[in-house]
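*Asks:* Got a structure for you, data.cif, holding mmCIF, N, CA and C atoms.
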data_input
#
loop_
_atom_site.label_atom_id
_atom_site.label_comp_id
_atom_site.auth_asym_id
_atom_site.auth_seq_id
_atom_site.Cartn_x
_atom_site.Cartn_y
_atom_site.Cartn_z
N MET K 1 -9.00 21.95 -27.53
CA MET K 1 -9.09 20.57 -27.96
C MET K 1 -9.90 20.51 -29.26
N SER K 2 -9.35 19.89 -30.29
CA SER K 2 -10.05 19.80 -31.57
C SER K 2 -11.28 18.91 -31.45
N TYR K 3 -12.09 18.94 -32.49
CA TYR K 3 -13.33 18.19 -32.54
C TYR K 3 -13.50 17.67 -33.96
N ILE K 4 -14.01 16.45 -34.12
CA ILE K 4 -14.14 15.83 -35.43
C ILE K 4 -15.59 15.43 -35.67
N ASP K 5 -16.12 15.79 -36.85
CA ASP K 5 -17.39 15.24 -37.32
C ASP K 5 -17.06 14.19 -38.36
N GLY K 6 -17.62 12.99 -38.23
CA GLY K 6 -17.37 11.91 -39.18
C GLY K 6 -18.64 11.49 -39.88
N PHE K 7 -18.48 11.05 -41.13
CA PHE K 7 -19.63 10.69 -41.98
C PHE K 7 -19.29 9.45 -42.81
N VAL K 8 -20.27 8.59 -43.01
CA VAL K 8 -20.18 7.50 -43.98
C VAL K 8 -21.48 7.53 -44.76
N LEU K 9 -21.36 7.46 -46.09
CA LEU K 9 -22.55 7.48 -46.93
C LEU K 9 -22.32 6.65 -48.19
N ALA K 10 -23.40 6.29 -48.82
CA ALA K 10 -23.36 5.54 -50.08
C ALA K 10 -23.81 6.47 -51.20
N VAL K 11 -22.96 6.60 -52.21
CA VAL K 11 -23.24 7.49 -53.34
C VAL K 11 -23.38 6.64 -54.60
N PRO K 12 -24.43 6.84 -55.39
CA PRO K 12 -24.48 6.12 -56.66
C PRO K 12 -23.17 6.35 -57.43
N THR K 13 -22.54 5.26 -57.83
CA THR K 13 -21.24 5.35 -58.49
C THR K 13 -21.30 6.28 -59.70
N ALA K 14 -22.41 6.27 -60.40
CA ALA K 14 -22.57 7.14 -61.57
C ALA K 14 -22.59 8.62 -61.19
N ASN K 15 -22.80 8.93 -59.91
CA ASN K 15 -22.87 10.32 -59.45
C ASN K 15 -21.55 10.82 -58.85
N LYS K 16 -20.46 10.15 -59.13
CA LYS K 16 -19.19 10.55 -58.50
C LYS K 16 -18.88 12.03 -58.75
N GLN K 17 -18.94 12.47 -59.99
CA GLN K 17 -18.62 13.88 -60.27
C GLN K 17 -19.65 14.82 -59.64
N LYS K 18 -20.92 14.42 -59.66
CA LYS K 18 -21.95 15.24 -59.00
C LYS K 18 -21.64 15.36 -57.50
N PHE K 19 -21.17 14.25 -56.90
CA PHE K 19 -20.81 14.30 -55.49
C PHE K 19 -19.64 15.24 -55.25
N ILE K 20 -18.63 15.15 -56.10
CA ILE K 20 -17.46 16.03 -55.96
C ILE K 20 -17.89 17.49 -56.07
N ASP K 21 -18.73 17.79 -57.05
CA ASP K 21 -19.22 19.17 -57.22
C ASP K 21 -20.02 19.62 -55.99
N HIS K 22 -20.90 18.74 -55.51
CA HIS K 22 -21.70 19.04 -54.33
C HIS K 22 -20.80 19.29 -53.11
N ALA K 23 -19.80 18.44 -52.93
CA ALA K 23 -18.88 18.58 -51.79
C ALA K 23 -18.07 19.86 -51.90
N ASN K 24 -17.57 20.18 -53.08
CA ASN K 24 -16.79 21.41 -53.23
C ASN K 24 -17.63 22.64 -52.86
N GLU K 25 -18.89 22.62 -53.21
CA GLU K 25 -19.77 23.74 -52.88
C GLU K 25 -20.11 23.75 -51.39
N GLY K 26 -20.60 22.61 -50.89
CA GLY K 26 -21.05 22.55 -49.50
C GLY K 26 -19.92 22.57 -48.48
N ASP K 27 -18.81 21.91 -48.78
CA ASP K 27 -17.71 21.85 -47.81
C ASP K 27 -17.07 23.21 -47.59
N SER K 28 -17.17 24.08 -48.57
CA SER K 28 -16.61 25.42 -48.39
C SER K 28 -17.32 26.17 -47.27
N VAL K 29 -18.58 25.80 -46.99
CA VAL K 29 -19.31 26.41 -45.88
C VAL K 29 -18.62 26.08 -44.56
N PHE K 30 -18.22 24.82 -44.40
CA PHE K 30 -17.52 24.42 -43.17
C PHE K 30 -16.24 25.25 -42.99
N ILE K 31 -15.47 25.39 -44.07
CA ILE K 31 -14.22 26.14 -44.00
C ILE K 31 -14.50 27.61 -43.68
N ASP K 32 -15.48 28.18 -44.37
CA ASP K 32 -15.81 29.60 -44.14
C ASP K 32 -16.25 29.87 -42.71
N PHE K 33 -16.84 28.85 -42.06
CA PHE K 33 -17.34 29.05 -40.70
C PHE K 33 -16.42 28.45 -39.64
N GLY K 34 -15.16 28.15 -40.01
CA GLY K 34 -14.19 27.81 -38.99
C GLY K 34 -13.56 26.44 -39.01
N ALA K 35 -13.97 25.54 -39.91
CA ALA K 35 -13.34 24.22 -39.96
C ALA K 35 -11.87 24.36 -40.36
N ILE K 36 -11.06 23.51 -39.80
CA ILE K 36 -9.63 23.49 -40.13
C ILE K 36 -9.39 22.69 -41.40
N ARG K 37 -10.17 21.61 -41.57
CA ARG K 37 -9.93 20.70 -42.70
C ARG K 37 -11.21 19.91 -42.97
N VAL K 38 -11.47 19.65 -44.25
CA VAL K 38 -12.57 18.79 -44.66
C VAL K 38 -11.99 17.78 -45.65
N VAL K 39 -12.26 16.49 -45.42
CA VAL K 39 -11.73 15.44 -46.29
C VAL K 39 -12.89 14.56 -46.74
N GLU K 40 -13.00 14.33 -48.04
CA GLU K 40 -13.99 13.44 -48.63
C GLU K 40 -13.21 12.30 -49.30
N CYS K 41 -13.50 11.06 -48.94
CA CYS K 41 -12.75 9.91 -49.46
C CYS K 41 -13.68 8.94 -50.18
N TRP K 42 -13.34 8.61 -51.42
CA TRP K 42 -14.08 7.66 -52.25
C TRP K 42 -13.52 6.27 -51.98
N ALA K 43 -14.36 5.29 -51.67
CA ALA K 43 -13.91 3.95 -51.30
C ALA K 43 -13.01 3.34 -52.36
N ASP K 44 -11.94 2.70 -51.89
CA ASP K 44 -10.99 2.06 -52.77
C ASP K 44 -10.72 0.61 -52.34
N ASP K 45 -10.57 0.39 -51.06
CA ASP K 45 -10.21 -0.93 -50.55
C ASP K 45 -10.98 -1.17 -49.25
N VAL K 46 -12.28 -1.42 -49.39
CA VAL K 46 -13.15 -1.56 -48.22
C VAL K 46 -13.70 -3.00 -48.22
N PRO K 47 -13.29 -3.79 -47.24
CA PRO K 47 -13.73 -5.19 -47.21
C PRO K 47 -15.18 -5.33 -46.74
N ARG K 48 -15.79 -6.38 -47.19
CA ARG K 48 -17.12 -6.74 -46.71
C ARG K 48 -16.91 -7.67 -45.51
N GLY K 49 -17.63 -7.37 -44.43
CA GLY K 49 -17.48 -8.15 -43.21
C GLY K 49 -18.44 -9.31 -43.14
N LYS K 50 -18.20 -10.19 -42.18
CA LYS K 50 -19.10 -11.32 -41.97
C LYS K 50 -20.26 -10.96 -41.06
N GLN K 51 -20.02 -10.05 -40.11
CA GLN K 51 -21.09 -9.64 -39.21
C GLN K 51 -21.58 -8.23 -39.52
N THR K 52 -20.65 -7.31 -39.75
CA THR K 52 -21.01 -5.92 -40.03
C THR K 52 -19.92 -5.29 -40.87
N ASP K 53 -20.23 -4.20 -41.51
CA ASP K 53 -19.25 -3.47 -42.31
C ASP K 53 -19.84 -2.12 -42.70
N PHE K 54 -19.04 -1.31 -43.38
CA PHE K 54 -19.51 0.00 -43.82
C PHE K 54 -20.69 -0.12 -44.78
N PHE K 55 -20.68 -1.12 -45.65
CA PHE K 55 -21.74 -1.29 -46.64
C PHE K 55 -23.10 -1.47 -45.95
N ARG K 56 -23.13 -2.35 -44.96
CA ARG K 56 -24.38 -2.61 -44.25
C ARG K 56 -24.80 -1.42 -43.41
N ALA K 57 -23.83 -0.70 -42.87
CA ALA K 57 -24.15 0.44 -42.01
C ALA K 57 -24.99 1.48 -42.73
N VAL K 58 -24.76 1.64 -44.04
CA VAL K 58 -25.49 2.64 -44.81
C VAL K 58 -26.40 2.01 -45.86
N GLU K 59 -26.60 0.69 -45.76
CA GLU K 59 -27.44 -0.05 -46.70
C GLU K 59 -27.05 0.23 -48.15
N ALA K 60 -25.74 0.16 -48.42
CA ALA K 60 -25.24 0.42 -49.77
C ALA K 60 -25.76 -0.61 -50.77
N LYS K 61 -26.13 -0.11 -51.93
CA LYS K 61 -26.60 -0.97 -53.01
C LYS K 61 -25.42 -1.30 -53.92
N ASP K 62 -25.62 -2.28 -54.79
CA ASP K 62 -24.53 -2.74 -55.68
C ASP K 62 -24.00 -1.65 -56.59
N ASP K 63 -24.85 -0.68 -56.93
CA ASP K 63 -24.42 0.38 -57.84
C ASP K 63 -23.97 1.65 -57.09
N GLU K 64 -23.64 1.50 -55.81
CA GLU K 64 -23.20 2.63 -54.99
C GLU K 64 -21.77 2.41 -54.48
N THR K 65 -21.09 3.52 -54.25
CA THR K 65 -19.74 3.51 -53.69
C THR K 65 -19.78 4.23 -52.35
N LEU K 66 -19.01 3.73 -51.41
CA LEU K 66 -18.95 4.35 -50.09
C LEU K 66 -18.10 5.60 -50.11
N VAL K 67 -18.50 6.57 -49.30
CA VAL K 67 -17.72 7.78 -49.06
C VAL K 67 -17.52 7.88 -47.56
N PHE K 68 -16.28 8.11 -47.16
CA PHE K 68 -15.91 8.32 -45.76
C PHE K 68 -15.38 9.74 -45.68
N SER K 69 -15.96 10.54 -44.80
CA SER K 69 -15.61 11.96 -44.73
C SER K 69 -15.41 12.38 -43.28
N TRP K 70 -14.63 13.44 -43.12
CA TRP K 70 -14.54 14.04 -41.80
C TRP K 70 -14.26 15.53 -41.92
N VAL K 71 -14.69 16.23 -40.89
CA VAL K 71 -14.46 17.66 -40.76
C VAL K 71 -13.72 17.86 -39.45
N GLU K 72 -12.59 18.55 -39.53
CA GLU K 72 -11.82 18.84 -38.32
C GLU K 72 -12.07 20.28 -37.90
N TRP K 73 -12.42 20.45 -36.64
CA TRP K 73 -12.72 21.75 -36.07
C TRP K 73 -11.69 22.10 -35.01
N PRO K 74 -11.46 23.38 -34.75
CA PRO K 74 -10.55 23.74 -33.66
C PRO K 74 -11.11 23.34 -32.29
N ASP K 75 -12.46 23.32 -32.18
CA ASP K 75 -13.11 22.95 -30.92
C ASP K 75 -14.61 22.75 -31.20
N LYS K 76 -15.30 22.19 -30.22
CA LYS K 76 -16.72 21.90 -30.40
C LYS K 76 -17.57 23.16 -30.50
N SER K 77 -17.19 24.21 -29.79
CA SER K 77 -18.01 25.42 -29.85
C SER K 77 -17.98 26.05 -31.24
N THR K 78 -16.83 25.98 -31.94
CA THR K 78 -16.76 26.47 -33.32
C THR K 78 -17.67 25.64 -34.21
N ARG K 79 -17.64 24.33 -34.01
CA ARG K 79 -18.50 23.43 -34.79
C ARG K 79 -19.97 23.73 -34.54
N ASP K 80 -20.36 23.88 -33.29
CA ASP K 80 -21.76 24.15 -32.96
C ASP K 80 -22.23 25.47 -33.57
N ALA K 81 -21.38 26.49 -33.53
CA ALA K 81 -21.73 27.79 -34.12
C ALA K 81 -21.89 27.65 -35.62
N CYS K 82 -21.03 26.88 -36.26
CA CYS K 82 -21.12 26.66 -37.71
C CYS K 82 -22.44 25.98 -38.07
N MET K 83 -22.82 24.97 -37.31
CA MET K 83 -24.04 24.23 -37.63
C MET K 83 -25.26 25.15 -37.61
N GLU K 84 -25.28 26.09 -36.70
CA GLU K 84 -26.38 27.06 -36.67
C GLU K 84 -26.37 27.95 -37.90
N LYS K 85 -25.19 28.47 -38.27
CA LYS K 85 -25.07 29.37 -39.42
C LYS K 85 -25.36 28.65 -40.74
N MET K 86 -24.98 27.38 -40.82
CA MET K 86 -25.15 26.61 -42.05
C MET K 86 -26.59 26.54 -42.51
N MET K 87 -27.49 26.46 -41.56
CA MET K 87 -28.90 26.28 -41.90
C MET K 87 -29.46 27.41 -42.76
N SER K 88 -28.87 28.59 -42.65
CA SER K 88 -29.37 29.72 -43.44
C SER K 88 -28.44 30.08 -44.60
N ASP K 89 -27.36 29.31 -44.80
CA ASP K 89 -26.43 29.61 -45.89
C ASP K 89 -26.99 29.07 -47.20
N PRO K 90 -27.07 29.92 -48.24
CA PRO K 90 -27.66 29.48 -49.52
C PRO K 90 -26.90 28.32 -50.19
N ARG K 91 -25.62 28.15 -49.87
CA ARG K 91 -24.86 27.03 -50.45
C ARG K 91 -25.35 25.69 -49.94
N MET K 92 -26.09 25.69 -48.84
CA MET K 92 -26.62 24.45 -48.28
C MET K 92 -28.08 24.22 -48.67
N ASP K 93 -28.64 25.10 -49.46
CA ASP K 93 -30.02 24.99 -49.91
C ASP K 93 -30.15 23.79 -50.86
N PRO K 94 -30.94 22.78 -50.50
CA PRO K 94 -31.07 21.61 -51.35
C PRO K 94 -31.63 21.90 -52.74
N GLU K 95 -32.30 23.03 -52.88
CA GLU K 95 -32.79 23.42 -54.22
C GLU K 95 -31.63 23.84 -55.11
N LYS K 96 -30.63 24.50 -54.52
CA LYS K 96 -29.49 25.00 -55.29
C LYS K 96 -28.33 24.00 -55.35
N ASN K 97 -28.19 23.18 -54.33
CA ASN K 97 -27.09 22.21 -54.26
C ASN K 97 -27.64 20.88 -53.74
N PRO K 98 -28.43 20.17 -54.59
CA PRO K 98 -29.08 18.94 -54.14
C PRO K 98 -28.06 17.83 -53.83
N MET K 99 -28.37 17.05 -52.81
CA MET K 99 -27.48 15.93 -52.45
C MET K 99 -27.60 14.84 -53.53
N PRO K 100 -26.47 14.40 -54.11
CA PRO K 100 -26.53 13.35 -55.12
C PRO K 100 -26.46 11.95 -54.50
N PHE K 101 -27.08 11.80 -53.33
CA PHE K 101 -27.12 10.53 -52.61
C PHE K 101 -28.31 10.57 -51.66
N ASP K 102 -28.64 9.43 -51.07
CA ASP K 102 -29.75 9.35 -50.14
C ASP K 102 -29.27 9.72 -48.74
N GLY K 103 -29.54 10.94 -48.33
CA GLY K 103 -29.09 11.44 -47.05
C GLY K 103 -29.69 10.71 -45.86
N LYS K 104 -30.80 10.00 -46.05
CA LYS K 104 -31.42 9.26 -44.95
C LYS K 104 -30.57 8.08 -44.51
N ARG K 105 -29.69 7.59 -45.41
CA ARG K 105 -28.85 6.45 -45.08
C ARG K 105 -27.44 6.86 -44.63
N MET K 106 -27.18 8.14 -44.59
CA MET K 106 -25.88 8.63 -44.13
C MET K 106 -25.79 8.43 -42.62
N ILE K 107 -24.61 8.00 -42.15
CA ILE K 107 -24.39 7.96 -40.70
C ILE K 107 -23.35 9.01 -40.38
N TYR K 108 -23.49 9.64 -39.23
CA TYR K 108 -22.58 10.72 -38.87
C TYR K 108 -22.57 10.88 -37.35
N GLY K 109 -21.56 11.57 -36.89
CA GLY K 109 -21.48 11.85 -35.46
C GLY K 109 -20.30 12.75 -35.16
N GLY K 110 -20.32 13.32 -33.96
CA GLY K 110 -19.23 14.17 -33.49
C GLY K 110 -18.35 13.41 -32.51
N PHE K 111 -17.04 13.64 -32.61
CA PHE K 111 -16.08 12.86 -31.83
C PHE K 111 -15.03 13.76 -31.20
N VAL K 112 -14.65 13.42 -29.97
CA VAL K 112 -13.57 14.09 -29.27
C VAL K 112 -12.32 13.23 -29.44
N PRO K 113 -11.24 13.77 -30.04
CA PRO K 113 -10.02 12.98 -30.19
C PRO K 113 -9.46 12.58 -28.81
N ILE K 114 -9.02 11.32 -28.71
CA ILE K 114 -8.39 10.86 -27.47
C ILE K 114 -6.93 10.45 -27.69
N VAL K 115 -6.55 10.20 -28.95
CA VAL K 115 -5.17 9.97 -29.34
C VAL K 115 -4.97 10.72 -30.65
N ASP K 116 -3.90 11.50 -30.74
CA ASP K 116 -3.65 12.30 -31.93
C ASP K 116 -2.15 12.29 -32.21
N LEU K 117 -1.69 11.38 -33.06
CA LEU K 117 -0.28 11.26 -33.39
C LEU K 117 -0.01 11.99 -34.69
N ASP K 118 1.07 12.70 -34.76
CA ASP K 118 1.44 13.45 -35.96
C ASP K 118 2.73 12.88 -36.51
N GLY K 119 2.68 12.29 -37.69
CA GLY K 119 3.85 11.68 -38.30
C GLY K 119 4.71 12.65 -39.07
N LYS K 120 4.48 13.93 -38.93
CA LYS K 120 5.23 14.94 -39.68
C LYS K 120 6.53 15.34 -39.00
N ARG K 121 6.89 14.70 -37.91
CA ARG K 121 8.09 15.07 -37.16
C ARG K 121 9.33 14.90 -37.96
#
Please, can you express the file's structure as structure tokens?

*Replies:*
Amino acid sequence: MSYIDGFVLAVPTANKQKFIDHANEGDSVFIDFGAIRVVECWADDVPRGKQTDFFRAVEAKDDETLVFSWVEWPDKSTRDACMEKMMSDPRMDPEKNPMPFDGKRMIYGGFVPIVDLDGKR
């Protein structure tokens, strides 16, 4: 059974290329340690809600753009093993690959798929 890690974060709009560079470096760690797929999405059509929304969830500022990301794993045990290995991987060292966003406002979690439709039929 596959496993998904999901993330929402606010990135200073001026840091878009820095974010892409950071993601290309850091996301390769996930792939090297067993992820099937990593997707980073820059907000394009995200509505503001009346009660709650993605912007409020991460306390996005006016000069920030939302990023919605996910990592697909073959299973949770592969993901858990990767998380342990990541901590010592130099590509994840904040000195060498600093986050171009405020990581304290990032929301994330692990999810077990319960419906998985494939439109490639």

*Asks:* Starting from the displayed file, determine the output of the PyMOL selection byres ((chain K and resi 67) around 6) and express the residue list as a list in words.

*Replies:*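 Applying the PyMOL selection byres ((chain K and resi 67) around 6) to the structure shown produces Phe7, Val8, Leu9, Ala10, Val11, Cys41, Trp42, Ala43, Thr65, Leu66, Phe68 and Ser69 of chain K.
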
*Asks:* Now that the selection is made, can you save its residues with N, CA and C atoms as a CSV table (one decimal), keeping the file's coordinate frame?

*Replies:*
chain,number,residue,atom,x,y,z
K,7,PHE,N,-18.5,11.0,-41.1
K,7,PHE,CA,-19.6,10.7,-42.0
K,7,PHE,C,-19.3,9.4,-42.8
K,8,VAL,N,-20.3,8.6,-43.0
K,8,VAL,CA,-20.2,7.5,-44.0
K,8,VAL,C,-21.5,7.5,-44.8
K,9,LEU,N,-21.4,7.5,-46.1
K,9,LEU,CA,-22.6,7.5,-46.9
K,9,LEU,C,-22.3,6.6,-48.2
K,10,ALA,N,-23.4,6.3,-48.8
K,10,ALA,CA,-23.4,5.5,-50.1
K,10,ALA,C,-23.8,6.5,-51.2
K,11,VAL,N,-23.0,6.6,-52.2
K,11,VAL,CA,-23.2,7.5,-53.3
K,11,VAL,C,-23.4,6.6,-54.6
K,41,CYS,N,-13.5,11.1,-48.9
K,41,CYS,CA,-12.8,9.9,-49.5
K,41,CYS,C,-13.7,8.9,-50.2
K,42,TRP,N,-13.3,8.6,-51.4
K,42,TRP,CA,-14.1,7.7,-52.2
K,42,TRP,C,-13.5,6.3,-52.0
K,43,ALA,N,-14.4,5.3,-51.7
K,43,ALA,CA,-13.9,4.0,-51.3
K,43,ALA,C,-13.0,3.3,-52.4
K,65,THR,N,-21.1,3.5,-54.2
K,65,THR,CA,-19.7,3.5,-53.7
K,65,THR,C,-19.8,4.2,-52.4
K,66,LEU,N,-19.0,3.7,-51.4
K,66,LEU,CA,-19.0,4.4,-50.1
K,66,LEU,C,-18.1,5.6,-50.1
K,68,PHE,N,-16.3,8.1,-47.2
K,68,PHE,CA,-15.9,8.3,-45.8
K,68,PHE,C,-15.4,9.7,-45.7
K,69,SER,N,-16.0,10.5,-44.8
K,69,SER,CA,-15.6,12.0,-44.7
K,69,SER,C,-15.4,12.4,-43.3

*Asks:* Could you write out as a tab-separated table (two decimals) with N, CA and C atoms, in the frame of the given file the residues that the PyMOL selection byres ((chain K and resi 57) around 8) matches in the shown file?

*Replies:*
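File produced: out-v6.tsv:
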chain	number	residue	atom	x	y	z
K	8	VAL	N	-20.27	8.59	-43.01
K	8	VAL	CA	-20.18	7.50	-43.98
K	8	VAL	C	-21.48	7.53	-44.76
K	9	LEU	N	-21.36	7.46	-46.09
K	9	LEU	CA	-22.55	7.48	-46.93
K	9	LEU	C	-22.32	6.65	-48.19
K	10	ALA	N	-23.40	6.29	-48.82
K	10	ALA	CA	-23.36	5.54	-50.08
K	10	ALA	C	-23.81	6.47	-51.20
K	52	THR	N	-20.65	-7.31	-39.75
K	52	THR	CA	-21.01	-5.92	-40.03
K	52	THR	C	-19.92	-5.29	-40.87
K	53	ASP	N	-20.23	-4.20	-41.51
K	53	ASP	CA	-19.25	-3.47	-42.31
K	53	ASP	C	-19.84	-2.12	-42.70
K	54	PHE	N	-19.04	-1.31	-43.38
K	54	PHE	CA	-19.51	0.00	-43.82
K	54	PHE	C	-20.69	-0.12	-44.78
K	55	PHE	N	-20.68	-1.12	-45.65
K	55	PHE	CA	-21.74	-1.29	-46.64
K	55	PHE	C	-23.10	-1.47	-45.95
K	56	ARG	N	-23.13	-2.35	-44.96
K	56	ARG	CA	-24.38	-2.61	-44.25
K	56	ARG	C	-24.80	-1.42	-43.41
K	58	VAL	N	-24.76	1.64	-44.04
K	58	VAL	CA	-25.49	2.64	-44.81
K	58	VAL	C	-26.40	2.01	-45.86
K	59	GLU	N	-26.60	0.69	-45.76
K	59	GLU	CA	-27.44	-0.05	-46.70
K	59	GLU	C	-27.05	0.23	-48.15
K	60	ALA	N	-25.74	0.16	-48.42
K	60	ALA	CA	-25.24	0.42	-49.77
K	60	ALA	C	-25.76	-0.61	-50.77
K	105	ARG	N	-29.69	7.59	-45.41
K	105	ARG	CA	-28.85	6.45	-45.08
K	105	ARG	C	-27.44	6.86	-44.63
K	106	MET	N	-27.18	8.14	-44.59
K	106	MET	CA	-25.88	8.63	-44.13
K	106	MET	C	-25.79	8.43	-42.62
K	107	ILE	N	-24.61	8.00	-42.15
K	107	ILE	CA	-24.39	7.96	-40.70
K	107	ILE	C	-23.35	9.01	-40.38

*Asks:* What does the PyMOL selection byres (((chain K and resi 4 and name CA) around 7) and name CA) select in this file, as a list in words?

*Replies:*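 Here the PyMOL selection byres (((chain K and resi 4 and name CA) around 7) and name CA) matches Ser2, Tyr3, Asp5, Gly6, Trp70, Val71, Glu72, Trp73, Gly110, Phe111 and Val112 of chain K.
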
*Asks:* Given only C-alpha atoms as the basis, pick out the residue of K:Asp93, K:Asp116, K:Phe101, K:Arg37 nearest to Pro12 in chain K.

*Replies:*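 Looking at the shortest contact to Pro12 in chain K, the residue is K:Phe101.
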
*Asks:* Which is closer to Glu64 in chain K than all the others in K:Ile114, K:Ala14, K:Ala35, K:Met1, using only C-alpha atoms?

*Replies:*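 So, comparing all the options, the nearest one is K:Ala14.
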
*Asks:* Report, in Å to a single decimal, how far apart atom C of Val39 in chain K and CA of His22 in chain K are.

*Replies:*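 Going from CA of His22 in chain K over to atom C of Val39 in chain K covers 12.5 Å.
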
*Asks:* Choose the residue, out of K:Asp44, K:Cys82, K:Asp62, K:Gln17, that has the smallest atom-to-atom separation from Asp32 in chain K; count only N, CA and C atoms.

*Replies:*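 For Asp32 in chain K, the nearest of the given residues is K:Cys82.
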
*Asks:* Could you work out how far CA of Met99 in chain K lies from CA of Phe19 in chain K, giving the answer in Å with one decimal?

*Replies:*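 Value for the CA of Phe19 in chain K-CA of Met99 in chain K distance: 7.5 Å.
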
*Asks:* Which one is closest to Lys85 in chain K: K:Gly26, K:Ile20, K:Asp102, K:Phe33? Count only C-alpha atoms.

*Replies:* K:Phe33

*Asks:* Please define a box with edges along x, y and z of the file around all atoms of range 18-34 of chain K given in the file, extend it by 3 Å on each side, and return its centre and edge lengths in Å to one decimal, as JSON.

*Replies:*
{"center_x": -17.8, "center_y": 22.1, "center_z": -49.3, "size_x": 14.4, "size_y": 21.6, "size_z": 26.7}

*Asks:* What are the DSSP helix (DSSP H, G or I) residues of range 26-61 of chain K, as a list in words?

*Replies:*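 For range 26-61 of chain K, the helix (DSSP H, G or I) set is Gly26, Asp27, Ser28, Val29, Phe30, Ile31, Asp32, Phe54, Phe55, Arg56 and Ala57 of chain K.
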
*Asks:* Using the chain letters and numbers from this document, which residues of chain K does DSSP assign to strand (DSSP E), as an NGL selection string?

*Replies:* :K and (3-12 or 37-42 or 64-73 or 107-111)

*Asks:* Mind pulling up the distance from CA of Glu40 in chain K to CA of Tyr108 in chain K?

*Replies:*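 Taking CA of Tyr108 in chain K as the start and CA of Glu40 in chain K as the end point, the length is 13.3 Å.
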
*Asks:* All heavy atoms are needed for range 19-24 of chain K; please write them out as a compact mmCIF listing (two decimals), in the frame of the given file.

*Replies:*
# COMPACT_ATOMS: atom_id res chain seq x y z
N PHE K 19 -21.17 14.25 -56.90
CA PHE K 19 -20.81 14.30 -55.49
C PHE K 19 -19.64 15.24 -55.25
O PHE K 19 -19.65 16.05 -54.32
CB PHE K 19 -20.48 12.90 -54.94
CG PHE K 19 -20.05 12.96 -53.51
CD1 PHE K 19 -20.99 13.06 -52.50
CD2 PHE K 19 -18.71 12.99 -53.17
CE1 PHE K 19 -20.60 13.17 -51.16
CE2 PHE K 19 -18.30 13.11 -51.85
CZ PHE K 19 -19.25 13.18 -50.85
N ILE K 20 -18.63 15.15 -56.10
CA ILE K 20 -17.46 16.03 -55.96
C ILE K 20 -17.89 17.49 -56.07
O ILE K 20 -17.47 18.34 -55.27
CB ILE K 20 -16.38 15.67 -57.01
CG1 ILE K 20 -15.78 14.29 -56.69
CG2 ILE K 20 -15.30 16.74 -57.08
CD1 ILE K 20 -14.92 13.71 -57.81
N ASP K 21 -18.73 17.79 -57.05
CA ASP K 21 -19.22 19.17 -57.22
C ASP K 21 -20.02 19.62 -55.99
O ASP K 21 -19.83 20.73 -55.50
CB ASP K 21 -20.08 19.28 -58.48
CG ASP K 21 -19.29 19.02 -59.76
OD1 ASP K 21 -18.04 19.09 -59.74
OD2 ASP K 21 -19.94 18.72 -60.79
N HIS K 22 -20.90 18.74 -55.51
CA HIS K 22 -21.70 19.04 -54.33
C HIS K 22 -20.80 19.29 -53.11
O HIS K 22 -20.99 20.25 -52.37
CB HIS K 22 -22.65 17.87 -54.04
CG HIS K 22 -23.35 17.94 -52.74
ND1 HIS K 22 -24.46 18.73 -52.53
CD2 HIS K 22 -23.10 17.32 -51.56
CE1 HIS K 22 -24.86 18.58 -51.28
NE2 HIS K 22 -24.06 17.74 -50.67
N ALA K 23 -19.80 18.44 -52.93
CA ALA K 23 -18.88 18.58 -51.79
C ALA K 23 -18.07 19.86 -51.90
O ALA K 23 -17.89 20.57 -50.89
CB ALA K 23 -17.96 17.36 -51.72
N ASN K 24 -17.57 20.18 -53.08
CA ASN K 24 -16.79 21.41 -53.23
C ASN K 24 -17.63 22.64 -52.86
O ASN K 24 -17.11 23.58 -52.25
CB ASN K 24 -16.24 21.54 -54.65
CG ASN K 24 -15.00 20.74 -54.86
OD1 ASN K 24 -14.12 20.68 -54.00
ND2 ASN K 24 -14.90 20.09 -56.01
